Each structure stands twice: as structure tokens, then as C-alpha cells.
Amino acid sequence: MFLVILYGIITVLCVFFAIKKQKLALLSVPFLGIFGYLFIKILMVPLPFWETVQFIFDLR
């Protein structure tokens, strides 16, 4: 639950500062954070990286 609140706060702050400073690059920060978290969680699986990625995308 903590991470959901943290990502929500980061997203709101990034949108606010992107509008205020007119820098669209700030809108990529929440996406990079979520993809970074996903990458770390994939690395924590005790299988080789590529097998883990194939397993995730082969799920139906």
C-alpha cells in the first residue's frame, strides 16, 4: 500500500511541476519509476532473467 501512495504522490508532483515549468520530460518520471520497480522485481526471481521474461509473457 505504501508504494501505491508513493507512486501517486510522485505522479501528482510530476504533473504539477510539468505544467508549472512546462517541461514535458517530467511526465516520464512516474513511468520510469514503475518500469524500474518491475525490473527489480523480475531480477529477484531465482530463474535466469530471460526465462523469467519469457514466462511472464507466455502467461494467458
# chains A, B, ... in the order shown; residues from 1 in each chain; ligands from 1
>>> select_by_dssp(residues="chain A", states="alpha helix (DSSP H)", output="CSV table (one decimal) with C-alpha atoms, in the first residue's frame")
chain,number,residue,atom,x,y,z
A,2,PHE,CA,2.9,2.3,0.7
A,3,LEU,CA,4.2,2.0,-2.8
A,4,VAL,CA,0.8,2.9,-4.3
A,5,ILE,CA,0.7,6.0,-2.2
A,6,LEU,CA,4.3,6.9,-3.0
A,7,TYR,CA,3.7,6.5,-6.8
A,8,GLY,CA,0.5,8.5,-6.5
A,9,ILE,CA,2.4,11.4,-4.8
A,10,ILE,CA,5.3,11.2,-7.3
A,11,THR,CA,2.8,11.3,-10.2
A,12,VAL,CA,0.9,14.3,-8.8
A,13,LEU,CA,4.1,16.2,-8.2
A,14,CYS,CA,5.5,15.4,-11.6
A,15,VAL,CA,2.3,16.5,-13.3
A,16,PHE,CA,2.2,19.7,-11.2
A,17,PHE,CA,5.8,20.6,-12.0
A,18,ALA,CA,5.5,19.6,-15.7
A,19,ILE,CA,2.6,22.1,-16.0
A,20,LYS,CA,4.2,24.8,-13.9
A,21,LYS,CA,7.7,24.6,-15.5
A,29,VAL,CA,9.4,10.1,-14.3
A,30,PRO,CA,6.4,8.0,-13.0
A,31,PHE,CA,6.7,5.6,-15.9
A,32,LEU,CA,10.4,5.2,-15.3
A,33,GLY,CA,9.8,4.5,-11.7
A,34,ILE,CA,7.2,1.8,-12.4
A,35,PHE,CA,9.4,0.2,-15.0
A,36,GLY,CA,12.4,0.3,-12.7
A,37,TYR,CA,10.3,-1.3,-9.9
A,38,LEU,CA,9.1,-4.0,-12.3
A,39,PHE,CA,12.7,-4.7,-13.5
A,40,ILE,CA,13.9,-5.1,-9.9
A,41,LYS,CA,11.1,-7.5,-9.1
A,42,ILE,CA,12.0,-9.6,-12.2
A,43,LEU,CA,15.6,-9.7,-11.1
A,49,PHE,CA,16.4,-13.3,-16.5
A,50,TRP,CA,15.4,-14.3,-20.0
A,51,GLU,CA,13.5,-17.3,-18.8
A,52,THR,CA,11.6,-15.2,-16.3
A,53,VAL,CA,10.7,-12.6,-19.0
A,54,GLN,CA,9.5,-15.4,-21.4
A,55,PHE,CA,7.4,-17.0,-18.5
A,56,ILE,CA,5.7,-13.6,-17.8
A,57,PHE,CA,4.8,-13.0,-21.4
A,58,ASP,CA,3.7,-16.6,-22.0
